[in-house]
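To keep things clear, I will list the structure first and then write my remarks on it.
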Amino acid sequence: MSEAEGDSKASESESAAATGDSSTQEKGAGEEAEQMEYFRRLFARTLGLSQEREAAEAEEETPRPQQLLDEVTVEGIAKYIRDGKCRNIIVLTGAGISTSAGIPDFRSPGTGLYDNLQKYNLPSPQAIFEIGFFKPTWCHYFIKLLSLKGLLLRNFTQNIDTLERVAGVPAGAMVEAHGTFYTAHCLGECRKEYTQEWVKEKVFNDEVPRCPECDGVVKPDIVFFGEAMPAKFFPSVLADFPRCDLLIVMGTSLQVQPFASLVDRVPETCPRLLINREKCGQVDPIMRMLGFGGGMEFDSENNYRDVAWLGDCDDGCKALAELLGWKEELEELVNKEHARIEAQIEEDKKTAAKRVPAEGQAVAAAGGSTEGASAAASPDSSRQESTAATADSKDKVAPTSEKTREGKPDSPQADVSPTPGTDGVETKSSGDDPETSEKGSSNL
Ligand code: OAD
Ligand code: ZN
C-alpha cells in the first residue's frame, strides 16, 4: 500500500469513527454513487454520448419477464392460442384492415387518403352512408371469429366505417376509439342521439340534418382531432388491458395518440402480434429509457413476445386462421356473409332507385368526390376546405376536451368524456390550436 493510499484509508476510518455510524456512511456513499450515476447519464444523454451502450446496459439491467411463447413467431402465437393459454385477446385495428374493402387508409404513400384527397372515388357522395357498399374484409371476419370462439376481450378500432358492426362483431366487444358513423348527435341544446339512417335520409334529400327538437345541426359521432374520445374509451382501457393475454394489432401505423400507446398497456408478459404491411409502434431505445413508453420490440435481441407478420392483413389473418385450424370456418363465414351483403346491396339499390330516382342519377352522373363525401358526412360545408389540411396530421392527439368547430363546450357525443387524456395515458401534444386541429380532422 502506498503512503497516499494508507492516508486515505486512515482518513476514511477516522471519519467513520467520527460519525460513530458506519451505516450512515455507507448510506452516504450509496447516495453519492447514485448521484454520480444520475449525472453521468444526464451528461451522456445531453451530450449525445454512448447512447447505444446505455440502451444496452438498460436492457441488461432489467430482468426479462417470463416468456409465454414457445417461439417468438406467428407459429408460436398460434400454438399459444391452440394450447388454451390465452383466453382474452385484444385486437387493435386501423384503416389498413379496410383497404381491401376499397376504403383508402390515411398514410400509405400513393394510395392513402392524405395523398389522394381529390381522388377518393365513391360512386356518389351519399355512398359514404351506404355501408353495404363496402364489404367487411377477411380481417373483420377474423375478429368476428375470435368473438364466436369466446376469445375476443375487445376490439379497439380507430375506424369509423362501421365494418366491424357489419361483420357482426358485437357492439359490446368494441370500442370505436375515434367514433363512428353509426350514430349521430345534435350539436345544439338538446344533444339528442340520431341514427345513421336518420342522417342518411336527410342527406339523400339534400338537406342539412337539423334536429327537430332544437334546430341544432346533427353530426355523425366521429371524433375529430381536438375532440374528446368516446367516454367508453378510458374506462375500457383501464378494465381490459391488465387482463389481456394476447394483443393483436392490425392495419394501423400507430401514429395517433392516445391509441398508439395502447400497446404499452398490456402486461409485460403479454405476447403482441402485429399484422401489417410494415413494422410500426417501435420506440427509439433512448426514448424508452426516458420513460416514453416501451413500444414494440421486434428487433431487440431480448425480444421475448413481439411478432411482426408483414404483408396484407387479410393474408395474415388467413395464415393465422390456417395455423389455428380455423381456415375453413373463416372461409365459410366470409363467403356466406359476403353473399348476404351483396343480396342486401342489390335490394337497397332497388329501394333507393324507387325513392329518389332523379336525384340519384344526377349525383351519379356528376361523379363522387372527397369533398362531396365529406360534405355528406358533415353538414358543415367548411369540412370541404378542411380536408386538405389533414395531409400532415401525423402524430396528432385525437382527443382533447377542446371546443368543437361550432364553439360548443364539448363534443356532441352524448358518450364523450369531458376530460379525456388526463388519466395518465400518454398524449403526445401536437401543439395545435383547436381550430387547426379540427381542420385537420376530416376522416373521409
Ligand atoms: P394509417 O393510414 O396511418 O395506417 C395504415 C397502416 O396500415 C399503414 O401502416 C399501412 O401500411 C397499413 N396497411 C394499409 N393497407 C393494408 C393492408 N391491406 N394490409 C396490411 N397493412 C395495410 O391509418 P391508421 O393507423 O388507422 O384519426 O390512422 C389512425 C388515425 O389517423 C385515423 O383513425 C384517423 C387518422 O387521422 C382521426 O381521424 C382522429
Ligand atoms: Zn337538438
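Identifiers in the C-alpha cells: chain A, B, ... in order shown; residue index from 1 per chain; ligand index from 1 in order shown.
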
Find the nearest atom pair between each residue of chain A and ligand 1 for residues within 6 Å, count only C-alpha atoms and all ligand atoms, give distances in Å to one decimal, sort rows by chain and ascending number, and present the table as JSON lines.
{"residue": "A:Gly94", "atom": "CA", "partner": "ligand 1", "partner_atom_place_in_ligand_line": "26 (O)", "distance": 3.3}
{"residue": "A:Ala95", "atom": "CA", "partner": "ligand 1", "partner_atom_place_in_ligand_line": "26 (O)", "distance": 3.8}
{"residue": "A:Gly96", "atom": "CA", "partner": "ligand 1", "partner_atom_place_in_ligand_line": "14 (C)", "distance": 3.5}
{"residue": "A:Ile97", "atom": "CA", "partner": "ligand 1", "partner_atom_place_in_ligand_line": "17 (C)", "distance": 5.8}
{"residue": "A:Thr99", "atom": "CA", "partner": "ligand 1", "partner_atom_place_in_ligand_line": "15 (N)", "distance": 5.1}
{"residue": "A:Ser100", "atom": "CA", "partner": "ligand 1", "partner_atom_place_in_ligand_line": "18 (N)", "distance": 5.4}
{"residue": "A:Asp105", "atom": "CA", "partner": "ligand 1", "partner_atom_place_in_ligand_line": "2 (O)", "distance": 4.1}
{"residue": "A:Phe106", "atom": "CA", "partner": "ligand 1", "partner_atom_place_in_ligand_line": "2 (O)", "distance": 3.3}
{"residue": "A:Arg107", "atom": "CA", "partner": "ligand 1", "partner_atom_place_in_ligand_line": "2 (O)", "distance": 3.7}
{"residue": "A:Ser108", "atom": "CA", "partner": "ligand 1", "partner_atom_place_in_ligand_line": "10 (C)", "distance": 5.3}
{"residue": "A:Gln158", "atom": "CA", "partner": "ligand 1", "partner_atom_place_in_ligand_line": "33 (O)", "distance": 4.3}
{"residue": "A:Asn159", "atom": "CA", "partner": "ligand 1", "partner_atom_place_in_ligand_line": "33 (O)", "distance": 5.5}
{"residue": "A:His178", "atom": "CA", "partner": "ligand 1", "partner_atom_place_in_ligand_line": "39 (C)", "distance": 5.5}
{"residue": "A:Val223", "atom": "CA", "partner": "ligand 1", "partner_atom_place_in_ligand_line": "39 (C)", "distance": 5.7}
{"residue": "A:Phe224", "atom": "CA", "partner": "ligand 1", "partner_atom_place_in_ligand_line": "39 (C)", "distance": 4.8}
{"residue": "A:Phe225", "atom": "CA", "partner": "ligand 1", "partner_atom_place_in_ligand_line": "39 (C)", "distance": 5.0}
{"residue": "A:Gly251", "atom": "CA", "partner": "ligand 1", "partner_atom_place_in_ligand_line": "7 (O)", "distance": 3.7}
{"residue": "A:Thr252", "atom": "CA", "partner": "ligand 1", "partner_atom_place_in_ligand_line": "25 (O)", "distance": 3.4}
{"residue": "A:Ser253", "atom": "CA", "partner": "ligand 1", "partner_atom_place_in_ligand_line": "9 (O)", "distance": 3.8}
{"residue": "A:Leu254", "atom": "CA", "partner": "ligand 1", "partner_atom_place_in_ligand_line": "25 (O)", "distance": 5.1}
{"residue": "A:Val256", "atom": "CA", "partner": "ligand 1", "partner_atom_place_in_ligand_line": "29 (C)", "distance": 5.5}
{"residue": "A:Asn276", "atom": "CA", "partner": "ligand 1", "partner_atom_place_in_ligand_line": "21 (N)", "distance": 3.9}
{"residue": "A:Arg277", "atom": "CA", "partner": "ligand 1", "partner_atom_place_in_ligand_line": "21 (N)", "distance": 4.0}
{"residue": "A:Glu278", "atom": "CA", "partner": "ligand 1", "partner_atom_place_in_ligand_line": "11 (O)", "distance": 5.5}
{"residue": "A:Gly311", "atom": "CA", "partner": "ligand 1", "partner_atom_place_in_ligand_line": "20 (C)", "distance": 5.5}
{"residue": "A:Asp312", "atom": "CA", "partner": "ligand 1", "partner_atom_place_in_ligand_line": "19 (N)", "distance": 3.3}
{"residue": "A:Cys313", "atom": "CA", "partner": "ligand 1", "partner_atom_place_in_ligand_line": "19 (N)", "distance": 3.9}
{"residue": "A:Ala398", "atom": "CA", "partner": "ligand 1", "partner_atom_place_in_ligand_line": "39 (C)", "distance": 4.8}
{"residue": "A:Ser441", "atom": "CA", "partner": "ligand 1", "partner_atom_place_in_ligand_line": "38 (O)", "distance": 5.2}
{"residue": "A:Asn443", "atom": "CA", "partner": "ligand 1", "partner_atom_place_in_ligand_line": "38 (O)", "distance": 4.8}

Selected residues written out, C-alpha atoms, as an mmCIF file, in the first residue's frame:
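part_7.cif was written with the following content:
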data_model
loop_
_atom_site.group_PDB
_atom_site.id
_atom_site.type_symbol
_atom_site.label_atom_id
_atom_site.label_comp_id
_atom_site.auth_asym_id
_atom_site.auth_seq_id
_atom_site.Cartn_x
_atom_site.Cartn_y
_atom_site.Cartn_z
ATOM 1 C CA GLY A 94 -56.770 0.794 -38.044
ATOM 2 C CA ALA A 95 -57.585 1.800 -41.578
ATOM 3 C CA GLY A 96 -55.352 -0.915 -43.069
ATOM 4 C CA ILE A 97 -57.944 -3.589 -42.300
ATOM 5 C CA THR A 99 -58.284 -1.050 -47.574
ATOM 6 C CA SER A 100 -59.094 -4.354 -49.256
ATOM 7 C CA ASP A 105 -56.195 4.321 -45.382
ATOM 8 C CA PHE A 106 -54.683 7.639 -44.341
ATOM 9 C CA ARG A 107 -50.929 7.442 -44.650
ATOM 10 C CA SER A 108 -49.956 4.825 -47.239
ATOM 11 C CA GLN A 158 -59.730 3.605 -34.932
ATOM 12 C CA ASN A 159 -62.029 3.068 -37.878
ATOM 13 C CA HIS A 178 -62.339 7.598 -32.990
ATOM 14 C CA VAL A 223 -64.069 12.027 -33.175
ATOM 15 C CA PHE A 224 -62.041 14.692 -34.889
ATOM 16 C CA PHE A 225 -58.579 15.837 -33.903
ATOM 17 C CA GLY A 251 -53.660 -2.342 -40.213
ATOM 18 C CA THR A 252 -52.502 0.709 -38.345
ATOM 19 C CA SER A 253 -49.421 2.888 -38.477
ATOM 20 C CA LEU A 254 -49.764 3.542 -34.711
ATOM 21 C CA VAL A 256 -52.080 8.777 -33.482
ATOM 22 C CA ASN A 276 -49.361 -5.069 -41.141
ATOM 23 C CA ARG A 277 -47.586 -4.120 -44.331
ATOM 24 C CA GLU A 278 -44.804 -2.540 -42.330
ATOM 25 C CA GLY A 311 -47.945 -8.359 -45.554
ATOM 26 C CA ASP A 312 -51.613 -7.793 -46.259
ATOM 27 C CA CYS A 313 -53.870 -8.052 -43.241
ATOM 28 C CA ALA A 398 -57.047 12.798 -31.318
ATOM 29 C CA SER A 441 -59.572 16.105 -38.780
ATOM 30 C CA ASN A 443 -61.836 11.394 -41.805
#

What are the closest atom pairs, with distances in Å to one decimal, for each residue of chain A lying within 10 Å of ligand 2, using only C-alpha atoms and all ligand atoms, rows by chain and rising residue number, as JSON lines?
{"residue": "A:His185", "atom": "CA", "partner": "ligand 2", "partner_atom_place_in_ligand_line": "1 (Zn)", "distance": 7.9}
{"residue": "A:Cys186", "atom": "CA", "partner": "ligand 2", "partner_atom_place_in_ligand_line": "1 (Zn)", "distance": 4.7}
{"residue": "A:Leu187", "atom": "CA", "partner": "ligand 2", "partner_atom_place_in_ligand_line": "1 (Zn)", "distance": 6.6}
{"residue": "A:Gly188", "atom": "CA", "partner": "ligand 2", "partner_atom_place_in_ligand_line": "1 (Zn)", "distance": 4.9}
{"residue": "A:Glu189", "atom": "CA", "partner": "ligand 2", "partner_atom_place_in_ligand_line": "1 (Zn)", "distance": 5.5}
{"residue": "A:Cys190", "atom": "CA", "partner": "ligand 2", "partner_atom_place_in_ligand_line": "1 (Zn)", "distance": 4.1}
{"residue": "A:Arg191", "atom": "CA", "partner": "ligand 2", "partner_atom_place_in_ligand_line": "1 (Zn)", "distance": 5.2}
{"residue": "A:Lys192", "atom": "CA", "partner": "ligand 2", "partner_atom_place_in_ligand_line": "1 (Zn)", "distance": 5.5}
{"residue": "A:Glu193", "atom": "CA", "partner": "ligand 2", "partner_atom_place_in_ligand_line": "1 (Zn)", "distance": 8.6}
{"residue": "A:Tyr194", "atom": "CA", "partner": "ligand 2", "partner_atom_place_in_ligand_line": "1 (Zn)", "distance": 9.7}
{"residue": "A:Arg210", "atom": "CA", "partner": "ligand 2", "partner_atom_place_in_ligand_line": "1 (Zn)", "distance": 7.7}
{"residue": "A:Cys211", "atom": "CA", "partner": "ligand 2", "partner_atom_place_in_ligand_line": "1 (Zn)", "distance": 4.6}
{"residue": "A:Pro212", "atom": "CA", "partner": "ligand 2", "partner_atom_place_in_ligand_line": "1 (Zn)", "distance": 6.6}
{"residue": "A:Glu213", "atom": "CA", "partner": "ligand 2", "partner_atom_place_in_ligand_line": "1 (Zn)", "distance": 4.9}
{"residue": "A:Cys214", "atom": "CA", "partner": "ligand 2", "partner_atom_place_in_ligand_line": "1 (Zn)", "distance": 4.1}
{"residue": "A:Asp215", "atom": "CA", "partner": "ligand 2", "partner_atom_place_in_ligand_line": "1 (Zn)", "distance": 5.8}
{"residue": "A:Gly216", "atom": "CA", "partner": "ligand 2", "partner_atom_place_in_ligand_line": "1 (Zn)", "distance": 4.9}
{"residue": "A:Val217", "atom": "CA", "partner": "ligand 2", "partner_atom_place_in_ligand_line": "1 (Zn)", "distance": 7.5}
{"residue": "A:Val218", "atom": "CA", "partner": "ligand 2", "partner_atom_place_in_ligand_line": "1 (Zn)", "distance": 7.5}

Q. Got a sec to tell me which of region 78-207 of chain A DSSP assigns to alpha helix (DSSP H), as a ChimeraX atom specification?
A. /A:78-82,138-148,163-167,196-204

How would the residues just chosen look if you wrote them out with N, CA, C and O atoms as a short mmCIF file (atom, residue, chain, number, x, y, z; two decimals), in the first residue's frame?
data_model
loop_
_atom_site.label_atom_id
_atom_site.label_comp_id
_atom_site.auth_asym_id
_atom_site.auth_seq_id
_atom_site.Cartn_x
_atom_site.Cartn_y
_atom_site.Cartn_z
N ALA A 78 -49.78 -18.95 -32.60
CA ALA A 78 -50.88 -19.88 -32.88
C ALA A 78 -50.89 -21.01 -31.85
O ALA A 78 -51.95 -21.40 -31.35
N LYS A 79 -49.72 -21.50 -31.51
CA LYS A 79 -49.64 -22.60 -30.53
C LYS A 79 -50.14 -22.13 -29.16
O LYS A 79 -50.87 -22.84 -28.47
N TYR A 80 -49.75 -20.92 -28.83
CA TYR A 80 -50.17 -20.30 -27.55
C TYR A 80 -51.71 -20.25 -27.49
O TYR A 80 -52.31 -20.54 -26.47
N ILE A 81 -52.33 -19.90 -28.61
CA ILE A 81 -53.80 -19.85 -28.63
C ILE A 81 -54.36 -21.28 -28.58
O ILE A 81 -55.27 -21.57 -27.80
N ARG A 82 -53.79 -22.14 -29.43
CA ARG A 82 -54.30 -23.52 -29.51
C ARG A 82 -54.19 -24.24 -28.16
O ARG A 82 -55.06 -25.02 -27.80
N TRP A 138 -61.64 -9.98 -44.76
CA TRP A 138 -61.29 -11.19 -44.01
C TRP A 138 -60.87 -10.84 -42.59
O TRP A 138 -61.14 -11.59 -41.65
N CYS A 139 -60.19 -9.73 -42.47
CA CYS A 139 -59.76 -9.26 -41.15
C CYS A 139 -60.94 -9.06 -40.22
O CYS A 139 -60.91 -9.48 -39.07
N HIS A 140 -61.95 -8.35 -40.74
CA HIS A 140 -63.12 -8.10 -39.91
C HIS A 140 -63.76 -9.43 -39.47
O HIS A 140 -64.17 -9.60 -38.32
N TYR A 141 -63.81 -10.37 -40.42
CA TYR A 141 -64.44 -11.66 -40.07
C TYR A 141 -63.54 -12.49 -39.16
O TYR A 141 -64.03 -13.30 -38.37
N PHE A 142 -62.24 -12.27 -39.25
CA PHE A 142 -61.35 -12.96 -38.31
C PHE A 142 -61.65 -12.48 -36.89
O PHE A 142 -61.70 -13.28 -35.95
N ILE A 143 -61.88 -11.18 -36.76
CA ILE A 143 -62.22 -10.63 -35.43
C ILE A 143 -63.55 -11.23 -34.96
O ILE A 143 -63.71 -11.61 -33.81
N LYS A 144 -64.48 -11.30 -35.91
CA LYS A 144 -65.78 -11.90 -35.58
C LYS A 144 -65.60 -13.35 -35.11
O LYS A 144 -66.22 -13.79 -34.14
N LEU A 145 -64.71 -14.07 -35.79
CA LEU A 145 -64.46 -15.46 -35.43
C LEU A 145 -63.87 -15.57 -34.03
O LEU A 145 -64.26 -16.45 -33.25
N LEU A 146 -62.96 -14.67 -33.71
CA LEU A 146 -62.40 -14.65 -32.34
C LEU A 146 -63.53 -14.48 -31.33
O LEU A 146 -63.53 -15.11 -30.28
N SER A 147 -64.47 -13.62 -31.71
CA SER A 147 -65.59 -13.37 -30.80
C SER A 147 -66.47 -14.62 -30.69
O SER A 147 -66.90 -15.01 -29.60
N LEU A 148 -66.71 -15.30 -31.84
CA LEU A 148 -67.51 -16.53 -31.80
C LEU A 148 -66.84 -17.61 -30.96
O LEU A 148 -67.51 -18.43 -30.33
N LEU A 163 -67.48 -1.18 -40.31
CA LEU A 163 -67.43 -2.51 -40.93
C LEU A 163 -67.35 -3.65 -39.90
O LEU A 163 -67.74 -4.77 -40.17
N GLU A 164 -66.85 -3.34 -38.71
CA GLU A 164 -66.83 -4.38 -37.66
C GLU A 164 -68.28 -4.74 -37.32
O GLU A 164 -68.61 -5.92 -37.16
N ARG A 165 -69.10 -3.71 -37.21
CA ARG A 165 -70.51 -3.96 -36.90
C ARG A 165 -71.17 -4.75 -38.01
O ARG A 165 -71.95 -5.67 -37.77
N VAL A 166 -70.85 -4.35 -39.26
CA VAL A 166 -71.44 -5.06 -40.41
C VAL A 166 -71.00 -6.53 -40.38
O VAL A 166 -71.77 -7.42 -40.71
N ALA A 167 -69.77 -6.77 -39.96
CA ALA A 167 -69.26 -8.15 -39.90
C ALA A 167 -69.88 -8.92 -38.73
O ALA A 167 -69.70 -10.12 -38.64
N GLN A 196 -77.86 6.57 -37.88
CA GLN A 196 -77.23 6.76 -39.18
C GLN A 196 -78.32 6.86 -40.27
O GLN A 196 -78.22 7.66 -41.19
N GLU A 197 -79.35 6.04 -40.10
CA GLU A 197 -80.44 6.02 -41.08
C GLU A 197 -81.10 7.40 -41.18
O GLU A 197 -81.41 7.88 -42.26
N TRP A 198 -81.30 8.01 -40.02
CA TRP A 198 -81.96 9.30 -39.97
C TRP A 198 -81.12 10.35 -40.71
O TRP A 198 -81.62 11.12 -41.54
N VAL A 199 -79.82 10.35 -40.44
CA VAL A 199 -78.93 11.32 -41.09
C VAL A 199 -78.88 11.04 -42.60
O VAL A 199 -78.96 11.96 -43.42
N LYS A 200 -78.80 9.77 -42.91
CA LYS A 200 -78.72 9.35 -44.31
C LYS A 200 -79.94 9.85 -45.10
O LYS A 200 -79.82 10.37 -46.20
N GLU A 201 -81.07 9.68 -44.48
CA GLU A 201 -82.32 10.12 -45.10
C GLU A 201 -82.25 11.61 -45.46
O GLU A 201 -82.59 12.02 -46.57
N LYS A 202 -81.77 12.40 -44.50
CA LYS A 202 -81.67 13.85 -44.74
C LYS A 202 -80.69 14.13 -45.87
O LYS A 202 -80.96 14.94 -46.77
N VAL A 203 -79.55 13.49 -45.81
CA VAL A 203 -78.52 13.76 -46.81
C VAL A 203 -79.02 13.36 -48.20
O VAL A 203 -78.80 14.07 -49.18
N PHE A 204 -79.71 12.23 -48.26
CA PHE A 204 -80.26 11.80 -49.56
C PHE A 204 -81.26 12.82 -50.10
O PHE A 204 -81.44 12.95 -51.29
#

Q: Tell me which protein, DNA and RNA residues are within 10 Å of Glu71 (chain A), counting only C-alpha atoms, leaving out same-chain ones fewer than 5 positions away, and put them as a list in words.
A: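 Close residues of Glu71 (chain A): Gly76, Ile77, Lys79, Tyr80, Tyr304, Arg305 and Val307 of chain A.
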
Restrict the selected residues to N, CA and C atoms and save them as an mmCIF file, in the first residue's frame.
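result_39.cif, freshly written:
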data_model
loop_
_atom_site.group_PDB
_atom_site.id
_atom_site.type_symbol
_atom_site.label_atom_id
_atom_site.label_comp_id
_atom_site.auth_asym_id
_atom_site.auth_seq_id
_atom_site.Cartn_x
_atom_site.Cartn_y
_atom_site.Cartn_z
ATOM 1 N N GLY A 76 -45.594 -19.642 -33.040
ATOM 2 C CA GLY A 76 -45.596 -19.645 -31.570
ATOM 3 C C GLY A 76 -46.875 -19.036 -31.022
ATOM 4 N N ILE A 77 -47.326 -17.971 -31.668
ATOM 5 C CA ILE A 77 -48.579 -17.319 -31.240
ATOM 6 C C ILE A 77 -49.747 -18.287 -31.428
ATOM 7 N N LYS A 79 -49.718 -21.499 -31.511
ATOM 8 C CA LYS A 79 -49.639 -22.602 -30.533
ATOM 9 C C LYS A 79 -50.141 -22.127 -29.159
ATOM 10 N N TYR A 80 -49.747 -20.919 -28.825
ATOM 11 C CA TYR A 80 -50.169 -20.301 -27.554
ATOM 12 C C TYR A 80 -51.706 -20.245 -27.486
ATOM 13 N N TYR A 304 -38.946 -11.134 -26.394
ATOM 14 C CA TYR A 304 -39.489 -12.406 -25.897
ATOM 15 C C TYR A 304 -40.977 -12.517 -26.201
ATOM 16 N N ARG A 305 -41.545 -11.489 -26.897
ATOM 17 C CA ARG A 305 -43.010 -11.540 -27.059
ATOM 18 C C ARG A 305 -43.568 -10.859 -28.304
ATOM 19 N N VAL A 307 -44.148 -10.181 -32.215
ATOM 20 C CA VAL A 307 -44.039 -10.841 -33.515
ATOM 21 C C VAL A 307 -44.604 -9.909 -34.585
#

Q | One-decimal distance in Å that lies between CA of Ala353 (chain A) and CA of Ile341 (chain A) | A |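 Interatomic distance, CA of Ile341 (chain A) to CA of Ala353 (chain A): 18.0 Å.
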
Q | Shell of 9 Å around Val249 (chain A), only C-alpha atoms, local chain residues under 4 positions omitted, as a PyMOL selection string | A | chain A and resi 90-94+263+272-276

Q: May I ask for the distance between CA of Glu331 (chain A) and CA of Gly172 (chain A), given in Å to one decimal place?
A: 24.6 Å
